[in-house]
Structure formats: structure tokens, C-alpha cells
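To be precise, the following lines are model.cif, and they hold mmCIF, C-alpha atoms.
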```cif
data_entry
#
loop_
_atom_site.group_PDB
_atom_site.id
_atom_site.type_symbol
_atom_site.label_atom_id
_atom_site.label_comp_id
_atom_site.auth_asym_id
_atom_site.auth_seq_id
_atom_site.Cartn_x
_atom_site.Cartn_y
_atom_site.Cartn_z
ATOM 1 C CA MET M 258 0.000 0.000 0.000
ATOM 2 C CA LEU M 259 2.807 2.387 0.915
ATOM 3 C CA HIS M 260 4.571 1.386 -2.273
ATOM 4 C CA LEU M 261 1.510 2.254 -4.337
ATOM 5 C CA ILE M 262 1.084 5.609 -2.608
ATOM 6 C CA LEU M 263 4.739 6.519 -3.156
ATOM 7 C CA PHE M 264 4.580 5.376 -6.774
ATOM 8 C CA LEU M 265 1.467 7.445 -7.464
ATOM 9 C CA PHE M 266 2.892 10.494 -5.669
ATOM 10 C CA PHE M 267 6.153 10.582 -7.603
ATOM 11 C CA GLY M 268 4.434 9.528 -10.809
ATOM 12 C CA ALA M 269 2.034 12.456 -10.488
ATOM 13 C CA ILE M 270 4.951 14.853 -9.949
ATOM 14 C CA CYS M 271 6.662 13.321 -12.976
ATOM 15 C CA VAL M 272 3.655 13.704 -15.281
ATOM 16 C CA ALA M 273 2.951 17.213 -13.985
ATOM 17 C CA GLY M 274 6.521 18.232 -14.762
ATOM 18 C CA ALA M 275 6.326 16.720 -18.238
ATOM 19 C CA ILE M 276 3.073 18.555 -18.996
ATOM 20 C CA ASN M 277 4.513 21.763 -17.571
ATOM 21 C CA LEU M 278 7.433 21.350 -19.988
ATOM 22 C CA LEU M 279 4.944 21.377 -22.859
ATOM 23 C CA VAL M 280 2.872 24.281 -21.547
ATOM 24 C CA GLN M 281 5.617 26.746 -20.623
ATOM 25 C CA SER M 282 6.712 29.127 -23.344
ATOM 26 C CA HIS M 283 10.038 30.219 -21.872
ATOM 27 C CA PRO M 284 12.772 27.608 -22.355
ATOM 28 C CA ILE M 285 14.261 28.118 -18.906
ATOM 29 C CA ASN M 286 10.936 27.173 -17.282
ATOM 30 C CA SER M 287 10.847 24.072 -19.463
ATOM 31 C CA ALA M 288 14.380 23.175 -18.356
ATOM 32 C CA LEU M 289 13.506 23.550 -14.679
ATOM 33 C CA SER M 290 10.407 21.382 -15.039
ATOM 34 C CA LEU M 291 12.537 18.787 -16.822
ATOM 35 C CA ILE M 292 14.796 18.764 -13.752
ATOM 36 C CA VAL M 293 11.681 18.064 -11.643
ATOM 37 C CA VAL M 294 10.817 15.149 -13.943
ATOM 38 C CA MET M 295 14.316 13.697 -13.620
ATOM 39 C CA ALA M 296 14.421 14.024 -9.829
ATOM 40 C CA SER M 297 11.072 12.280 -9.397
ATOM 41 C CA LEU M 298 12.204 9.590 -11.842
ATOM 42 C CA ALA M 299 15.188 9.019 -9.546
ATOM 43 C CA ALA M 300 12.703 8.443 -6.722
ATOM 44 C CA GLU M 301 10.889 5.909 -8.907
ATOM 45 C CA TYR M 302 14.191 4.111 -9.504
ATOM 46 C CA LEU M 303 14.733 4.006 -5.739
ATOM 47 C CA LEU M 304 11.302 2.399 -5.338
ATOM 48 C CA LEU M 305 12.349 -0.263 -7.839
ATOM 49 C CA GLY M 306 15.514 -0.976 -5.851
ATOM 50 C CA ALA M 307 17.962 0.542 -8.318
ATOM 51 C CA GLU M 308 19.890 2.794 -5.952
ATOM 52 C CA PHE M 309 22.955 3.254 -8.127
ATOM 53 C CA VAL M 310 20.892 4.140 -11.188
ATOM 54 C CA ALA M 311 18.974 6.675 -9.081
ATOM 55 C CA ALA M 312 22.196 8.308 -7.896
ATOM 56 C CA VAL M 313 23.596 8.429 -11.422
ATOM 57 C CA GLN M 314 20.290 9.825 -12.668
ATOM 58 C CA VAL M 315 20.549 12.747 -10.254
ATOM 59 C CA ILE M 316 24.271 13.344 -10.812
ATOM 60 C CA VAL M 317 24.509 12.912 -14.578
ATOM 61 C CA TYR M 318 21.051 13.812 -15.862
ATOM 62 C CA ALA M 319 19.726 16.371 -13.403
ATOM 63 C CA GLY M 320 23.240 17.627 -12.745
ATOM 64 C CA ALA M 321 25.498 17.571 -15.773
ATOM 65 C CA ILE M 322 23.186 17.424 -18.786
ATOM 66 C CA MET M 323 20.674 19.948 -17.469
ATOM 67 C CA VAL M 324 23.456 22.347 -16.508
ATOM 68 C CA LEU M 325 24.609 22.094 -20.128
ATOM 69 C CA PHE M 326 21.086 23.019 -21.240
ATOM 70 C CA LEU M 327 20.791 25.912 -18.791
ATOM 71 C CA ILE M 328 24.196 27.299 -19.786
ATOM 72 C CA THR M 329 23.197 27.166 -23.446
ATOM 73 C CA ILE M 330 19.902 28.938 -22.735
ATOM 74 C CA MET M 331 21.695 31.672 -20.831
ATOM 75 C CA LEU M 332 24.516 31.914 -23.385
ATOM 76 C CA LEU M 333 22.117 32.402 -26.280
ATOM 77 C CA ASN M 334 19.853 34.668 -24.197
ATOM 78 C CA ALA M 335 16.836 32.658 -25.344
ATOM 79 C CA GLY M 336 13.647 34.587 -24.817
ATOM 80 C CA LYS M 337 10.022 33.628 -25.087
ATOM 81 C CA GLU M 338 9.090 31.133 -27.748
ATOM 82 C CA GLU M 339 7.662 32.636 -30.918
ATOM 83 C CA ARG M 340 4.445 30.929 -31.928
ATOM 84 C CA THR M 341 4.725 30.195 -35.615
ATOM 85 C CA ASN M 342 2.810 27.407 -37.262
ATOM 86 C CA GLY M 343 5.457 25.970 -39.502
ATOM 87 C CA SER M 344 4.251 22.474 -40.278
ATOM 88 C CA ARG M 345 0.532 22.108 -39.766
ATOM 89 C CA VAL M 346 0.665 18.487 -40.896
ATOM 90 C CA ALA M 347 2.782 17.518 -37.903
ATOM 91 C CA THR M 348 0.355 19.149 -35.497
ATOM 92 C CA LEU M 349 -2.898 18.126 -37.160
ATOM 93 C CA LEU M 350 -2.009 14.512 -37.884
ATOM 94 C CA GLY M 351 0.817 13.825 -35.472
ATOM 95 C CA VAL M 352 -0.689 14.915 -32.167
ATOM 96 C CA PRO M 353 -3.944 12.896 -32.433
ATOM 97 C CA GLY M 354 -1.992 9.946 -33.787
ATOM 98 C CA VAL M 355 0.450 10.006 -30.903
ATOM 99 C CA VAL M 356 -2.332 10.348 -28.332
ATOM 100 C CA VAL M 357 -4.329 7.484 -29.848
ATOM 101 C CA GLY M 358 -1.237 5.268 -29.948
ATOM 102 C CA ALA M 359 -0.394 6.034 -26.317
ATOM 103 C CA VAL M 360 -3.956 5.282 -25.182
ATOM 104 C CA LEU M 361 -3.908 1.981 -27.076
ATOM 105 C CA VAL M 362 -0.583 0.969 -25.528
ATOM 106 C CA ALA M 363 -1.731 1.920 -22.030
ATOM 107 C CA TRP M 364 -5.049 0.067 -22.477
ATOM 108 C CA THR M 365 -3.285 -3.067 -23.636
ATOM 109 C CA LEU M 366 -0.755 -2.939 -20.803
ATOM 110 C CA ILE M 367 -3.333 -2.435 -18.069
ATOM 111 C CA HIS M 368 -5.669 -5.150 -19.332
ATOM 112 C CA ARG M 369 -2.996 -7.814 -19.571
ATOM 113 C CA SER M 370 -3.240 -9.887 -16.443
ATOM 114 C CA ASP M 371 -0.075 -11.962 -16.887
ATOM 115 C CA MET M 372 2.360 -9.091 -16.580
ATOM 116 C CA GLY M 373 3.193 -9.761 -12.946
ATOM 117 C CA SER M 374 3.970 -7.220 -10.290
ATOM 118 C CA VAL M 375 7.019 -5.607 -8.741
ATOM 119 C CA SER M 376 7.598 -5.399 -5.011
ATOM 120 C CA ILE M 377 9.429 -2.543 -3.336
ATOM 121 C CA GLY M 378 13.191 -2.899 -3.716
ATOM 122 C CA ALA M 379 12.697 -5.923 -5.958
ATOM 123 C CA LEU M 380 16.172 -5.936 -7.463
ATOM 124 C CA PRO M 381 19.097 -4.839 -5.297
ATOM 125 C CA GLY M 382 21.167 -2.925 -7.824
ATOM 126 C CA GLU M 383 24.401 -2.827 -5.880
ATOM 127 C CA PRO M 384 27.304 -0.963 -7.488
ATOM 128 C CA LYS M 385 29.507 -4.055 -7.095
ATOM 129 C CA ASP M 386 27.210 -6.268 -9.173
ATOM 130 C CA ILE M 387 26.639 -3.567 -11.764
ATOM 131 C CA ALA M 388 30.391 -2.974 -12.051
ATOM 132 C CA ARG M 389 31.048 -6.689 -12.520
ATOM 133 C CA LEU M 390 28.458 -6.792 -15.292
ATOM 134 C CA LEU M 391 29.638 -3.560 -16.880
ATOM 135 C CA PHE M 392 33.368 -4.317 -16.894
ATOM 136 C CA HIS M 393 33.127 -8.029 -17.637
ATOM 137 C CA ASP M 394 30.104 -8.943 -19.720
ATOM 138 C CA PHE M 395 29.606 -5.559 -21.362
ATOM 139 C CA LEU M 396 33.257 -4.587 -21.706
ATOM 140 C CA LEU M 397 33.212 -4.113 -25.476
ATOM 141 C CA PRO M 398 30.097 -1.859 -25.507
ATOM 142 C CA PHE M 399 31.632 0.084 -22.634
ATOM 143 C CA GLU M 400 34.798 0.754 -24.614
ATOM 144 C CA VAL M 401 32.783 1.657 -27.695
ATOM 145 C CA THR M 402 30.801 4.222 -25.712
ATOM 146 C CA SER M 403 34.054 5.706 -24.422
ATOM 147 C CA VAL M 404 35.162 6.220 -28.030
ATOM 148 C CA LEU M 405 31.729 7.662 -28.808
ATOM 149 C CA ILE M 406 31.905 10.215 -26.030
ATOM 150 C CA LEU M 407 35.460 11.169 -27.020
ATOM 151 C CA ILE M 408 34.268 11.865 -30.567
ATOM 152 C CA ALA M 409 31.312 13.814 -29.154
ATOM 153 C CA ILE M 410 33.639 16.014 -27.095
ATOM 154 C CA MET M 411 35.815 16.765 -30.115
ATOM 155 C CA GLY M 412 32.757 17.427 -32.271
ATOM 156 C CA ALA M 413 31.292 19.795 -29.690
ATOM 157 C CA VAL M 414 34.574 21.723 -29.467
ATOM 158 C CA VAL M 415 34.866 21.997 -33.249
ATOM 159 C CA LEU M 416 31.218 22.983 -33.752
ATOM 160 C CA ALA M 417 30.998 25.512 -30.939
ATOM 161 C CA SER M 418 34.279 27.283 -31.635
ATOM 162 C CA ARG M 419 34.207 30.352 -33.835
ATOM 163 C CA PRO M 420 34.640 29.702 -37.587
ATOM 164 C CA ASP M 421 37.679 31.966 -37.993
ATOM 165 C CA ALA M 422 39.399 30.206 -35.096
ATOM 166 C CA VAL M 423 39.057 26.904 -36.926
ATOM 167 C CA ALA M 424 40.248 28.267 -40.261
ATOM 168 C CA ARG M 425 43.371 29.912 -38.836
ATOM 169 C CA PRO M 426 44.821 27.740 -36.106
ATOM 170 C CA HIS M 427 47.619 30.191 -35.231
ATOM 171 C CA PRO M 428 46.489 33.752 -35.917
ATOM 172 C CA THR M 429 49.888 35.369 -35.340
ATOM 173 C CA ALA M 430 51.841 33.137 -37.709
ATOM 174 C CA PRO M 431 50.872 34.694 -41.104
ATOM 175 C CA VAL M 432 51.462 38.238 -39.817
ATOM 176 C CA ARG M 433 54.984 37.418 -38.742
ATOM 177 C CA HIS M 434 55.595 35.792 -42.119
ATOM 178 C CA GLU M 435 54.554 39.001 -43.910
ATOM 179 C CA GLU M 436 56.792 41.046 -41.655
ATOM 180 C CA HIS M 437 59.754 38.839 -42.538
ATOM 181 C CA GLU M 438 58.952 39.249 -46.220
ATOM 182 C CA LEU M 439 58.757 43.013 -45.856
ATOM 183 C CA VAL M 440 62.071 43.085 -44.058
ATOM 184 C CA ALA M 441 63.615 40.887 -46.724
ATOM 185 C CA ALA M 442 62.217 43.111 -49.494
ATOM 186 C CA GLY M 443 63.598 46.174 -47.764
ATOM 187 C CA LYS M 444 67.017 44.566 -47.566
ATOM 188 C CA ASP M 445 66.844 43.789 -51.285
ATOM 189 C CA HIS M 446 66.130 47.432 -52.046
ATOM 190 C CA GLU M 447 69.051 48.559 -49.967
ATOM 191 C CA MET K 217 3.338 -4.963 -4.762
ATOM 192 C CA ILE K 218 2.210 -2.890 -7.685
ATOM 193 C CA PRO K 219 1.769 -4.209 -11.220
ATOM 194 C CA LEU K 220 4.587 -3.839 -13.691
ATOM 195 C CA SER K 221 2.136 -2.328 -16.159
ATOM 196 C CA TYR K 222 1.808 0.805 -14.010
ATOM 197 C CA TYR K 223 5.505 1.524 -14.494
ATOM 198 C CA LEU K 224 5.207 0.863 -18.209
ATOM 199 C CA VAL K 225 2.187 3.163 -18.496
ATOM 200 C CA LEU K 226 4.080 5.938 -16.683
ATOM 201 C CA SER K 227 6.994 5.383 -19.049
ATOM 202 C CA GLY K 228 4.606 5.560 -22.001
ATOM 203 C CA ILE K 229 3.083 8.801 -20.715
ATOM 204 C CA LEU K 230 6.545 10.366 -20.445
ATOM 205 C CA PHE K 231 7.464 9.193 -23.933
ATOM 206 C CA THR K 232 4.186 10.581 -25.311
ATOM 207 C CA CYS K 233 4.831 13.949 -23.667
ATOM 208 C CA GLY K 234 8.250 13.952 -25.301
ATOM 209 C CA VAL K 235 6.807 13.213 -28.740
ATOM 210 C CA LEU K 236 4.123 15.886 -28.304
ATOM 211 C CA GLY K 237 6.772 18.421 -27.294
ATOM 212 C CA PHE K 238 8.810 17.463 -30.334
ATOM 213 C CA LEU K 239 5.772 18.087 -32.564
ATOM 214 C CA ILE K 240 4.294 21.271 -31.114
ATOM 215 C CA LYS K 241 7.311 23.153 -29.769
ATOM 216 C CA ARG K 242 9.049 25.716 -31.958
ATOM 217 C CA ASN K 243 12.113 26.508 -29.858
ATOM 218 C CA ILE K 244 15.012 24.276 -30.827
ATOM 219 C CA ILE K 245 16.289 24.007 -27.234
ATOM 220 C CA THR K 246 12.867 22.895 -25.984
ATOM 221 C CA ILE K 247 12.727 20.323 -28.772
ATOM 222 C CA PHE K 248 16.036 18.990 -27.475
ATOM 223 C CA MET K 249 14.620 18.785 -23.969
ATOM 224 C CA SER K 250 11.678 16.791 -25.354
ATOM 225 C CA ILE K 251 14.165 14.273 -26.731
ATOM 226 C CA GLU K 252 15.720 13.982 -23.274
ATOM 227 C CA LEU K 253 12.239 13.381 -21.877
ATOM 228 C CA MET K 254 11.703 10.524 -24.330
ATOM 229 C CA LEU K 255 15.034 8.962 -23.317
ATOM 230 C CA ASN K 256 14.024 9.202 -19.663
ATOM 231 C CA GLY K 257 10.765 7.401 -20.346
ATOM 232 C CA VAL K 258 12.651 4.579 -22.038
ATOM 233 C CA ASN K 259 15.059 4.389 -19.086
ATOM 234 C CA LEU K 260 12.156 3.919 -16.685
ATOM 235 C CA SER K 261 10.862 0.931 -18.647
ATOM 236 C CA PHE K 262 14.407 -0.516 -18.741
ATOM 237 C CA VAL K 263 14.668 -0.366 -14.948
ATOM 238 C CA ALA K 264 11.141 -1.713 -14.478
ATOM 239 C CA PHE K 265 11.840 -4.729 -16.687
ATOM 240 C CA ALA K 266 15.176 -5.293 -14.910
ATOM 241 C CA ALA K 267 13.328 -5.464 -11.600
ATOM 242 C CA HIS K 268 10.676 -7.710 -13.097
ATOM 243 C CA TRP K 269 13.018 -10.321 -14.518
ATOM 244 C CA HIS K 270 15.708 -9.985 -11.847
ATOM 245 C CA ALA K 271 18.313 -9.224 -14.485
ATOM 246 C CA LEU K 272 20.799 -6.435 -13.839
ATOM 247 C CA SER K 273 21.515 -6.045 -17.565
ATOM 248 C CA GLY K 274 18.606 -3.625 -17.811
ATOM 249 C CA GLN K 275 20.290 -1.258 -15.411
ATOM 250 C CA VAL K 276 23.547 -1.472 -17.373
ATOM 251 C CA PHE K 277 21.651 -0.485 -20.503
ATOM 252 C CA VAL K 278 20.370 2.567 -18.642
ATOM 253 C CA PHE K 279 23.982 3.690 -18.283
ATOM 254 C CA PHE K 280 24.571 3.249 -21.992
ATOM 255 C CA VAL K 281 21.464 5.303 -22.732
ATOM 256 C CA MET K 282 22.748 8.010 -20.383
ATOM 257 C CA VAL K 283 26.132 8.100 -22.129
ATOM 258 C CA VAL K 284 24.484 8.393 -25.532
ATOM 259 C CA ALA K 285 22.186 11.126 -24.183
ATOM 260 C CA ALA K 286 25.160 13.046 -22.808
ATOM 261 C CA ALA K 287 27.030 12.801 -26.118
ATOM 262 C CA GLU K 288 23.907 13.814 -28.005
ATOM 263 C CA ALA K 289 23.306 16.802 -25.714
ATOM 264 C CA ALA K 290 26.897 18.020 -26.069
ATOM 265 C CA VAL K 291 26.961 17.773 -29.876
ATOM 266 C CA GLY K 292 23.394 19.030 -30.265
ATOM 267 C CA LEU K 293 23.884 22.091 -28.116
ATOM 268 C CA ALA K 294 27.084 22.888 -30.012
ATOM 269 C CA ILE K 295 25.077 22.652 -33.246
ATOM 270 C CA ILE K 296 22.429 24.941 -31.737
ATOM 271 C CA ILE K 297 25.121 27.507 -30.869
ATOM 272 C CA ALA K 298 26.504 27.308 -34.423
ATOM 273 C CA VAL K 299 22.998 27.707 -35.897
ATOM 274 C CA TYR K 300 22.284 30.683 -33.660
ATOM 275 C CA ARG K 301 25.552 32.286 -34.701
ATOM 276 C CA THR K 302 24.685 32.112 -38.401
ATOM 277 C CA ARG K 303 20.881 32.515 -38.380
ATOM 278 C CA GLU K 304 20.373 34.657 -35.257
ATOM 279 C CA THR K 305 17.257 32.688 -34.322
ATOM 280 C CA LEU K 306 16.211 29.686 -32.273
ATOM 281 C CA ASN K 307 12.925 29.138 -34.089
ATOM 282 C CA VAL K 308 12.978 25.948 -36.131
ATOM 283 C CA ASP K 309 10.587 27.434 -38.699
ATOM 284 C CA GLN K 310 13.193 30.010 -39.656
ATOM 285 C CA VAL K 311 15.984 27.463 -40.044
ATOM 286 C CA ASN K 312 14.717 26.324 -43.431
ATOM 287 C CA LEU K 313 17.577 26.526 -45.920
ATOM 288 C CA LEU K 314 17.326 22.812 -46.659
ATOM 289 C CA LYS K 315 13.604 23.037 -47.369
ATOM 290 C CA LEU K 316 12.266 22.829 -50.897
#
```

What does this structure look like when you write it as C-alpha cells?
Amino acid sequence: MLHLILFLFFGAICVAGAINLLVQSHPINSALSLIVVMASLAAEYLLLGAEFVAAVQVIVYAGAIMVLFLITIMLLNAGKEERTNGSRVATLLGVPGVVVGAVLVAWTLIHRSDMGSVSIGALPGEPKDIARLLFHDFLLPFEVTSVLILIAIMGAVVLASRPDAVARPHPTAPVRHEEHELVAAGKDHE
Amino acid sequence: MIPLSYYLVLSGILFTCGVLGFLIKRNIITIFMSIELMLNGVNLSFVAFAAHWHALSGQVFVFFVMVVAAAEAAVGLAIIIAVYRTRETLNVDQVNLLKL
């Protein structure tokens, strides 16, 4: 009973934050409501017994990734969203289609009786067991993701740096070269 | 004891909110946040299934999803900064050079 109450409480916060993300017109309000969604999702993970995933959710998602979003919003000085209706097809056909699909999926899931149930703290997700799985059974995917994130860092640096900084890696070098040429030309004249 | 389907329905609601935000939002940063919302919904169903089948692999996949989301956020926000520098707008309807 307590489990159900906690699940419904944090689930309601989660859904309210997600709907608030859609309703708000200023991107910084959307970002803050997304942080609310992530924090309550961490509570849901705790209810499922995944303590390590909950901690990582708060640290990485609500911490690192959302700080990246907030810094970008502040850097670009993003104001209120302009309401333009660019693609009416996406809104007119997509939104009802998505809602109908979600209702169908939810209806099917709720009316299946053989799904089973989850008790509180069903799976003790200890860091030791997760680390053994991650560094032994999933070692190759782990290494591949490390390469992926390295490429992402380099791509972010290249994309976010100014275009002239990329084109001229050492801005003082050509100037010095011209000076040497001028000096050499002057010596020739003498 | 609560049914597994409740967790899956909550995950589906989050994913649906993400898709709706992707469709109706016009700010490119908010569209990115909708994508993060979709990834979070998928993560919840991963953890729920891991608890259901007593298999820790589901939780390991959550970490992989987080790494991909972090990489995607870093590259995507860098692209947004580059777009803003050239087009001076964050509205996706005005970033239409590739449109016919």
C-alpha cells in the first residue's frame, strides 16, 4: 500500500513536470520542469531498488546534462518562444496519432493480467554487481561508448568554436611571415 | 506490490509527452529537452523490466542510454550555438535553408 502511494505520488509529480514542460513558453521554465521530472524519476528508480541508477540519474542527468542546457539557454539569451505554425501536418495529424497510440498501448498494458507485479526494492542494484556486469560482460560496448563520447567532445569543441578560429589555427603566424617578407624586401632594395 | 504495467504506463506517458513536445514546440532548445524526456521514459521501462526479470543487464543499458544522451546533448547544443551564430534565431521554422 505504501509502495503504491509513493509510486502514485512521484508519478504524479513526474507527469505534472512533463506537462509543464509542454505548456511553458520560456525555455528556462521548461528546463527547470525537466529537472523536476528527472528528480522524481530518480525516486521511482529508488522504489524499484535501483539505488545506483537513481544516484547516477541525479548526478549525470539532473546535474550535468541539465546544466549544459541551462548554460546554453543563458549563453544564447533565449527569450520567449515565438508561436509560428510551420508544419501544420505535424500538429494536425501527429498529435492525435500520438495520443491514440499512447492510449492503445496503455489500455493493452493495463488489461494484460499476466504481466506480474514488482515489489518494493525488488532488485538490489548494488554498485559491485553492476560494475562486474559492466566491466566483464559488457566490456566491449563500454569501450565503444568511451570512443563515442570522445568523438562527441571533439565534435562539440569543433562545432561551438568560432569559424575563424578553426580556419586559422595560429592567428599570429601569417602576420609574422609578412613582416619577414617586408624586411627581406627592404634589404633587397638597400 | 504494484503491477509492472503501471511503471510501463508511466513510461509511455513520459514518452508521449516527449513526442508531443517534439511536434508542437518551436524553440530548438525545448525540442532537445523533449528528446531527453523521451530517453528518460525509455530508461524507466528498462529499470522496471530489470526489476521484473531480476536481471541487472537492464540497469547497465540505462547507463549506456545516459552516455548516448550526454554525447547527443553536447553535440546538439554545439550545433544549436553554431545555428544561432549564423541565423540569429532559435525558431525551427526560420531554419529552413534545406527546405524545398

Expansion of the PyMOL selection byres ((chain M) within 7 of (chain K)) into residues, as a PyMOL selection string: chain M and resi 260-261+268+272+275-276+279+284+287+305+310+322+329+338+340+343+347-348+352+355+359+363+366-367+372-377+379-380+382+387+391+406+409+412-413+416-417

Go ahead and write the residues just picked, C-alpha atoms, as a tab-separated table (two decimals), in the frame of the given file.
```
chain	number	residue	atom	x	y	z
M	260	HIS	CA	4.57	1.39	-2.27
M	261	LEU	CA	1.51	2.25	-4.34
M	268	GLY	CA	4.43	9.53	-10.81
M	272	VAL	CA	3.66	13.70	-15.28
M	275	ALA	CA	6.33	16.72	-18.24
M	276	ILE	CA	3.07	18.56	-19.00
M	279	LEU	CA	4.94	21.38	-22.86
M	284	PRO	CA	12.77	27.61	-22.36
M	287	SER	CA	10.85	24.07	-19.46
M	305	LEU	CA	12.35	-0.26	-7.84
M	310	VAL	CA	20.89	4.14	-11.19
M	322	ILE	CA	23.19	17.42	-18.79
M	329	THR	CA	23.20	27.17	-23.45
M	338	GLU	CA	9.09	31.13	-27.75
M	340	ARG	CA	4.44	30.93	-31.93
M	343	GLY	CA	5.46	25.97	-39.50
M	347	ALA	CA	2.78	17.52	-37.90
M	348	THR	CA	0.36	19.15	-35.50
M	352	VAL	CA	-0.69	14.92	-32.17
M	355	VAL	CA	0.45	10.01	-30.90
M	359	ALA	CA	-0.39	6.03	-26.32
M	363	ALA	CA	-1.73	1.92	-22.03
M	366	LEU	CA	-0.76	-2.94	-20.80
M	367	ILE	CA	-3.33	-2.44	-18.07
M	372	MET	CA	2.36	-9.09	-16.58
M	373	GLY	CA	3.19	-9.76	-12.95
M	374	SER	CA	3.97	-7.22	-10.29
M	375	VAL	CA	7.02	-5.61	-8.74
M	376	SER	CA	7.60	-5.40	-5.01
M	377	ILE	CA	9.43	-2.54	-3.34
M	379	ALA	CA	12.70	-5.92	-5.96
M	380	LEU	CA	16.17	-5.94	-7.46
M	382	GLY	CA	21.17	-2.92	-7.82
M	387	ILE	CA	26.64	-3.57	-11.76
M	391	LEU	CA	29.64	-3.56	-16.88
M	406	ILE	CA	31.90	10.22	-26.03
M	409	ALA	CA	31.31	13.81	-29.15
M	412	GLY	CA	32.76	17.43	-32.27
M	413	ALA	CA	31.29	19.80	-29.69
M	416	LEU	CA	31.22	22.98	-33.75
M	417	ALA	CA	31.00	25.51	-30.94
```

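Here atom CA of Ala269 of chain M and atom CA of Leu298 of chain M stand 10.7 Å from one another.
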
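Going from atom CA of Ala300 of chain M over to atom CA of Leu361 of chain M, you cover 27.1 Å.
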
How big is the axis-aligned box around all listed atoms of segment 395-405 of chain M once 6 Å goes on each side, and where's its centre, in Å to one decimal, as lines of an AutoDock Vina configuration file?
```
center_x = 32.4
center_y = 1.1
center_z = -25.1
size_x = 17.6
size_y = 25.2
size_z = 19.4
```

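Atom to atom, atom CA of Leu303 of chain M and atom CA of Tyr318 of chain M stand 15.4 Å apart.
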
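Of the listed residues (M:Ala311, M:Leu291, M:Ser282, M:Val360), M:Ser282 comes nearest to Glu339 of chain M; the distances count all atoms listed in the file.
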
Specify as a compact mmCIF listing (two decimals) with C-alpha atoms, in the frame of the given file each residue included when the PyMOL selection byres ((chain M and resi 296) around 10) is applied to this file.
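Just written: expr.txt:
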```
# COMPACT_ATOMS: atom_id res chain seq x y z
CA PHE M 267 6.15 10.58 -7.60
CA ILE M 270 4.95 14.85 -9.95
CA CYS M 271 6.66 13.32 -12.98
CA SER M 290 10.41 21.38 -15.04
CA LEU M 291 12.54 18.79 -16.82
CA ILE M 292 14.80 18.76 -13.75
CA VAL M 293 11.68 18.06 -11.64
CA VAL M 294 10.82 15.15 -13.94
CA MET M 295 14.32 13.70 -13.62
CA SER M 297 11.07 12.28 -9.40
CA LEU M 298 12.20 9.59 -11.84
CA ALA M 299 15.19 9.02 -9.55
CA ALA M 300 12.70 8.44 -6.72
CA GLU M 301 10.89 5.91 -8.91
CA TYR M 302 14.19 4.11 -9.50
CA ALA M 311 18.97 6.68 -9.08
CA ALA M 312 22.20 8.31 -7.90
CA GLN M 314 20.29 9.82 -12.67
CA VAL M 315 20.55 12.75 -10.25
CA ILE M 316 24.27 13.34 -10.81
CA TYR M 318 21.05 13.81 -15.86
CA ALA M 319 19.73 16.37 -13.40
CA GLY M 320 23.24 17.63 -12.74
```
